[in-house]
$ cat input_6.cif   # mmCIF, C-alpha atoms
data_upload
#
loop_
_atom_site.label_atom_id
_atom_site.label_comp_id
_atom_site.auth_asym_id
_atom_site.auth_seq_id
_atom_site.Cartn_x
_atom_site.Cartn_y
_atom_site.Cartn_z
CA MET A 689 4.46 -7.84 13.80
CA ALA A 690 3.41 -7.51 10.16
CA LEU A 691 0.92 -4.77 11.04
CA ILE A 692 3.62 -2.91 12.97
CA ALA A 693 6.00 -3.20 9.99
CA LEU A 694 3.29 -1.83 7.69
CA ARG A 695 2.66 1.11 10.03
CA ILE A 696 6.40 1.87 10.23
CA THR A 697 6.61 1.80 6.42
CA LYS A 698 3.59 4.11 6.23
CA GLN A 699 5.38 6.60 8.48
CA MET A 700 8.58 6.31 6.43
CA LYS A 701 6.67 6.98 3.20
CA SER A 702 4.94 9.94 4.84
CA LEU A 703 8.32 11.36 5.93
CA TYR A 704 9.66 10.79 2.39
CA VAL A 705 6.87 13.01 1.07
CA GLN A 706 7.18 15.58 3.87
CA ILE A 707 10.87 16.22 3.21
CA GLY A 708 10.19 16.76 -0.49
CA MET A 709 11.69 13.68 -2.06
CA PRO A 710 8.98 13.39 -4.76
CA THR A 711 10.14 16.79 -6.01
CA VAL A 712 13.72 15.53 -6.11
CA LEU A 713 12.57 12.56 -8.20
CA THR A 714 10.77 14.93 -10.59
CA VAL A 715 13.92 17.06 -10.96
CA LEU A 716 16.05 13.95 -11.56
CA ASN A 717 13.67 12.83 -14.30
CA GLN A 718 13.81 16.28 -15.89
CA LEU A 719 17.62 16.15 -15.81
CA ARG A 720 17.56 12.69 -17.39
CA GLN A 721 15.42 14.03 -20.22
CA LEU A 722 17.82 16.95 -20.73
CA ILE A 723 20.74 14.57 -21.26
CA GLY A 724 18.71 12.27 -23.49
CA GLN A 725 18.00 9.47 -21.03
CA PRO A 726 14.49 8.20 -20.42
CA PRO A 727 12.88 9.16 -17.10
CA SER A 728 12.65 6.53 -14.40
CA THR A 729 9.57 4.36 -14.71
CA ASP A 730 9.99 2.79 -11.28
CA ALA A 731 7.17 3.40 -8.84
CA PRO A 732 8.14 6.19 -6.46
CA TYR A 733 8.94 5.14 -2.90
CA SER A 734 5.83 6.97 -1.68
CA ALA A 735 3.53 4.77 -3.79
CA TRP A 736 1.64 1.82 -2.31
CA PRO A 737 1.50 -0.95 -4.91
CA PHE A 738 -1.02 -3.59 -3.88
CA SER A 739 1.71 -6.23 -4.11
CA GLU A 740 3.73 -4.40 -1.41
CA VAL A 741 0.84 -4.42 1.06
CA ILE A 742 -0.04 -8.03 0.25
CA GLY A 743 3.59 -9.09 0.70
CA MET A 744 4.19 -7.13 3.91
CA LEU A 745 1.10 -8.58 5.57
CA GLY A 746 1.63 -12.08 4.17
CA LEU A 747 -1.85 -12.16 2.68
CA THR A 748 -3.02 -14.96 0.44
CA LEU A 749 -5.61 -13.96 -2.11
CA ALA A 750 -7.89 -16.39 -3.88
CA PRO A 751 -6.70 -17.11 -7.41
CA HIS A 752 -8.55 -15.20 -10.10
CA HIS A 753 -8.79 -15.44 -13.83
CA ARG A 754 -8.85 -12.30 -15.89
CA VAL A 755 -8.69 -11.85 -19.61
CA GLY A 756 -5.89 -9.51 -20.69
CA ILE A 757 -3.08 -7.96 -18.70
CA GLN A 758 -3.82 -6.72 -15.21
CA SER A 759 -2.01 -3.56 -14.18
CA PRO A 760 0.07 -3.72 -11.00
CA TRP A 761 -2.07 -0.76 -9.93
CA SER A 762 -5.36 -2.66 -10.34
CA GLU A 763 -6.95 -3.76 -7.08
CA PRO A 764 -6.67 -7.54 -6.81
CA PRO A 765 -9.99 -9.30 -6.28
CA GLY A 766 -10.49 -10.28 -2.66
CA LEU A 767 -8.05 -7.72 -1.23
CA GLU A 768 -10.52 -6.06 1.14
CA SER A 769 -11.78 -9.44 2.35
CA ALA A 770 -8.20 -10.61 2.99
CA LEU A 771 -7.43 -7.39 4.89
CA LYS A 772 -10.56 -7.84 7.01
CA ASP A 773 -9.56 -11.42 7.83
CA PHE A 774 -6.00 -10.33 8.66
CA LEU A 775 -7.09 -7.50 10.95
CA SER A 776 -9.69 -9.62 12.73
CA TYR A 777 -6.80 -11.71 14.10
CA ALA A 778 -4.48 -8.78 14.91
CA PRO A 779 -4.53 -6.72 18.09
CA PRO A 780 -6.19 -4.32 18.78
CA TYR A 781 -8.93 -5.56 16.41
CA ALA A 782 -8.92 -9.09 17.82
CA GLY A 783 -10.23 -9.93 21.29
CA PHE A 784 -6.74 -10.49 22.68
CA ASP A 785 -3.48 -8.56 22.94
CA SER A 786 -0.09 -9.63 21.60
CA MET A 787 0.53 -11.62 24.79
CA GLY A 788 -2.73 -13.55 24.40
CA GLN A 789 -4.57 -11.71 27.18
CA PRO A 790 -8.28 -10.96 26.59
CA ILE A 791 -9.09 -7.35 25.71
CA ASP A 792 -12.06 -5.46 24.31
CA PRO A 793 -11.43 -5.43 20.57
CA VAL A 794 -11.34 -2.16 18.65
CA PRO A 795 -13.99 -2.25 15.91
CA LEU A 796 -12.74 -2.34 12.34
CA PRO A 797 -13.13 1.02 10.60
CA SER A 798 -15.85 1.47 8.02
CA GLY A 799 -14.87 2.03 4.41
CA SER A 800 -11.80 0.73 2.64
CA LEU A 801 -9.36 -1.10 4.91
CA TYR A 802 -6.63 -0.60 2.29
CA THR A 803 -7.16 3.18 2.53
CA PHE A 804 -7.24 2.96 6.32
CA LEU A 805 -3.91 1.09 6.44
CA THR A 806 -2.00 2.97 3.74
CA GLY A 807 -3.71 6.35 3.47
CA GLU A 808 -4.09 5.72 -0.28
CA SER A 809 -7.42 5.70 -2.08
CA LEU A 810 -8.54 2.68 -4.05
CA GLN A 811 -9.77 5.05 -6.75
CA PRO A 812 -7.53 5.35 -9.83
CA VAL A 813 -5.21 8.32 -9.57
CA ALA A 814 -2.75 9.35 -12.28
CA ARG A 815 0.84 8.84 -11.10
CA GLN A 816 3.51 10.74 -12.94
CA GLY A 817 5.64 8.28 -14.88
CA VAL A 818 4.13 5.10 -13.43
CA GLY A 819 0.67 4.72 -14.97
CA THR A 820 -2.35 4.77 -12.72
CA HIS A 821 -3.17 3.60 -9.21
#
$ encode --input "input_6.cif" --output "structure tokens"
Amino acid sequence: MALIALRITKQMKSLYVQIGMPTVLTVLNQLRQLIGQPPSTDAPYSAWPFSEVIGMLGLTLAPHHRVGIQSPWSEPPGLESALKDFLSYAPPYAGFDSMGQPIDPVPLPSGSLYTFLTGESLQPVARQGVGTH
């Protein structure tokens, strides 16, 4: 069910972009600046923070120790491994369907599983008003 919820959210975010809502957010930020208010620093709805994907799928990542402050847009260590483990137990990538019946599993895609699931690259990309991703 978590994978289905993630796919529904992916479609909702895609629709959000298709109907032009990022442009509306940009205009709202410009209007805020005109009246002397700071622009919104919240991540836009269309963004995919790693914490959102981790939370939606209920992933548990190994604890890590880093010196300094880690950006919310920095890939957490072990994310790809956790995604691989998650998908290997989820139909259609597992050898059973949602009812427990044996099926031929679909092979996991090559490349980044995060990119496969969200459509977002793991490479840093400048995000207007929210730092980098």
$ residues_near_point --input "input_6.cif" --point "(-6.9, -5.8, 17.8)" --cutoff "12 Å" --atoms "all atoms listed in the file" --output "PDB file with C-alpha atoms, keeping the file's coordinate frame"
ATOM      1  CA  LEU A 691       0.920  -4.770  11.040  1.00  0.00           C
ATOM      2  CA  ILE A 692       3.620  -2.910  12.970  1.00  0.00           C
ATOM      3  CA  LYS A 772     -10.560  -7.840   7.010  1.00  0.00           C
ATOM      4  CA  ASP A 773      -9.560 -11.420   7.830  1.00  0.00           C
ATOM      5  CA  PHE A 774      -6.000 -10.330   8.660  1.00  0.00           C
ATOM      6  CA  LEU A 775      -7.090  -7.500  10.950  1.00  0.00           C
ATOM      7  CA  SER A 776      -9.690  -9.620  12.730  1.00  0.00           C
ATOM      8  CA  TYR A 777      -6.800 -11.710  14.100  1.00  0.00           C
ATOM      9  CA  ALA A 778      -4.480  -8.780  14.910  1.00  0.00           C
ATOM     10  CA  PRO A 779      -4.530  -6.720  18.090  1.00  0.00           C
ATOM     11  CA  PRO A 780      -6.190  -4.320  18.780  1.00  0.00           C
ATOM     12  CA  TYR A 781      -8.930  -5.560  16.410  1.00  0.00           C
ATOM     13  CA  ALA A 782      -8.920  -9.090  17.820  1.00  0.00           C
ATOM     14  CA  GLY A 783     -10.230  -9.930  21.290  1.00  0.00           C
ATOM     15  CA  PHE A 784      -6.740 -10.490  22.680  1.00  0.00           C
ATOM     16  CA  ASP A 785      -3.480  -8.560  22.940  1.00  0.00           C
ATOM     17  CA  SER A 786      -0.090  -9.630  21.600  1.00  0.00           C
ATOM     18  CA  MET A 787       0.530 -11.620  24.790  1.00  0.00           C
ATOM     19  CA  GLY A 788      -2.730 -13.550  24.400  1.00  0.00           C
ATOM     20  CA  GLN A 789      -4.570 -11.710  27.180  1.00  0.00           C
ATOM     21  CA  PRO A 790      -8.280 -10.960  26.590  1.00  0.00           C
ATOM     22  CA  ILE A 791      -9.090  -7.350  25.710  1.00  0.00           C
ATOM     23  CA  ASP A 792     -12.060  -5.460  24.310  1.00  0.00           C
ATOM     24  CA  PRO A 793     -11.430  -5.430  20.570  1.00  0.00           C
ATOM     25  CA  VAL A 794     -11.340  -2.160  18.650  1.00  0.00           C
ATOM     26  CA  PRO A 795     -13.990  -2.250  15.910  1.00  0.00           C
ATOM     27  CA  LEU A 796     -12.740  -2.340  12.340  1.00  0.00           C
ATOM     28  CA  PRO A 797     -13.130   1.020  10.600  1.00  0.00           C
TER      29      PRO A 797
END
$ closest_residue --input "input_6.cif" --among "A:Thr711, A:Phe738, A:Met744, A:Gly766" --to "A:Ile696" --atoms "all atoms listed in the file"
A:Met744
$ residues_near_point --input "input_6.cif" --point "(-9.0, -8.7, 1.5)" --cutoff "12 Å" --atoms "only C-alpha atoms" --output "number ranges by chain"
A: 738, 741-742, 745-750, 763-776, 800-802
$ atom_distance --input "input_6.cif" --atom1 "atom CA of A:Thr714" --atom2 "atom CA of A:Pro732"
10.0 Å
$ resolve_selection --input "input_6.cif" --expression "the PyMOL selection byres ((chain A and resi 727) around 10)" --output "PyMOL selection string"
chain A and resi 713-714+716-722+724-726+728-730+817
$ atom_distance --input "input_6.cif" --atom1 "atom CA of A:Thr806" --atom2 "atom CA of A:Thr697"
9.1 Å
$ atom_distance --input "input_6.cif" --atom1 "atom CA of A:Ala735" --atom2 "atom CA of A:Gly799"
20.3 Å
$ closest_residue --input "input_6.cif" --among "A:Ile723, A:Ser739, A:Leu810, A:Ser734" --to "A:Ile707" --atoms "only C-alpha atoms"
A:Ser734
$ decode --input "input_6.cif" --residues "stretch 715-744 of chain A" --atoms "C-alpha atoms" --output "mmCIF file, in the first residue's frame"
data_model
loop_
_atom_site.group_PDB
_atom_site.id
_atom_site.type_symbol
_atom_site.label_atom_id
_atom_site.label_comp_id
_atom_site.auth_asym_id
_atom_site.auth_seq_id
_atom_site.Cartn_x
_atom_site.Cartn_y
_atom_site.Cartn_z
ATOM 1 C CA VAL A 715 3.963 35.149 -8.454
ATOM 2 C CA LEU A 716 2.895 34.943 -4.800
ATOM 3 C CA ASN A 717 6.522 35.283 -3.711
ATOM 4 C CA GLN A 718 6.963 38.291 -6.001
ATOM 5 C CA LEU A 719 3.837 39.884 -4.503
ATOM 6 C CA ARG A 720 5.154 39.220 -0.998
ATOM 7 C CA GLN A 721 8.371 41.013 -1.882
ATOM 8 C CA LEU A 722 6.417 43.970 -3.277
ATOM 9 C CA ILE A 723 4.596 44.446 0.030
ATOM 10 C CA GLY A 724 7.767 43.969 2.057
ATOM 11 C CA GLN A 725 7.225 40.418 3.258
ATOM 12 C CA PRO A 726 9.854 37.734 2.807
ATOM 13 C CA PRO A 727 9.152 35.088 0.158
ATOM 14 C CA SER A 728 8.057 31.658 1.306
ATOM 15 C CA THR A 729 10.971 29.379 2.125
ATOM 16 C CA ASP A 730 8.817 26.257 2.339
ATOM 17 C CA ALA A 731 9.642 23.525 -0.129
ATOM 18 C CA PRO A 732 7.200 23.662 -3.036
ATOM 19 C CA TYR A 733 4.613 20.882 -3.162
ATOM 20 C CA SER A 734 6.247 19.534 -6.332
ATOM 21 C CA ALA A 735 9.557 18.907 -4.525
ATOM 22 C CA TRP A 736 10.542 15.454 -3.275
ATOM 23 C CA PRO A 737 12.442 15.864 -0.005
ATOM 24 C CA PHE A 738 14.164 12.615 0.923
ATOM 25 C CA SER A 739 12.355 12.653 4.267
ATOM 26 C CA GLU A 740 8.979 12.535 2.461
ATOM 27 C CA VAL A 741 9.910 9.424 0.482
ATOM 28 C CA ILE A 742 11.464 7.756 3.533
ATOM 29 C CA GLY A 743 8.359 8.518 5.616
ATOM 30 C CA MET A 744 5.830 7.459 2.972
#
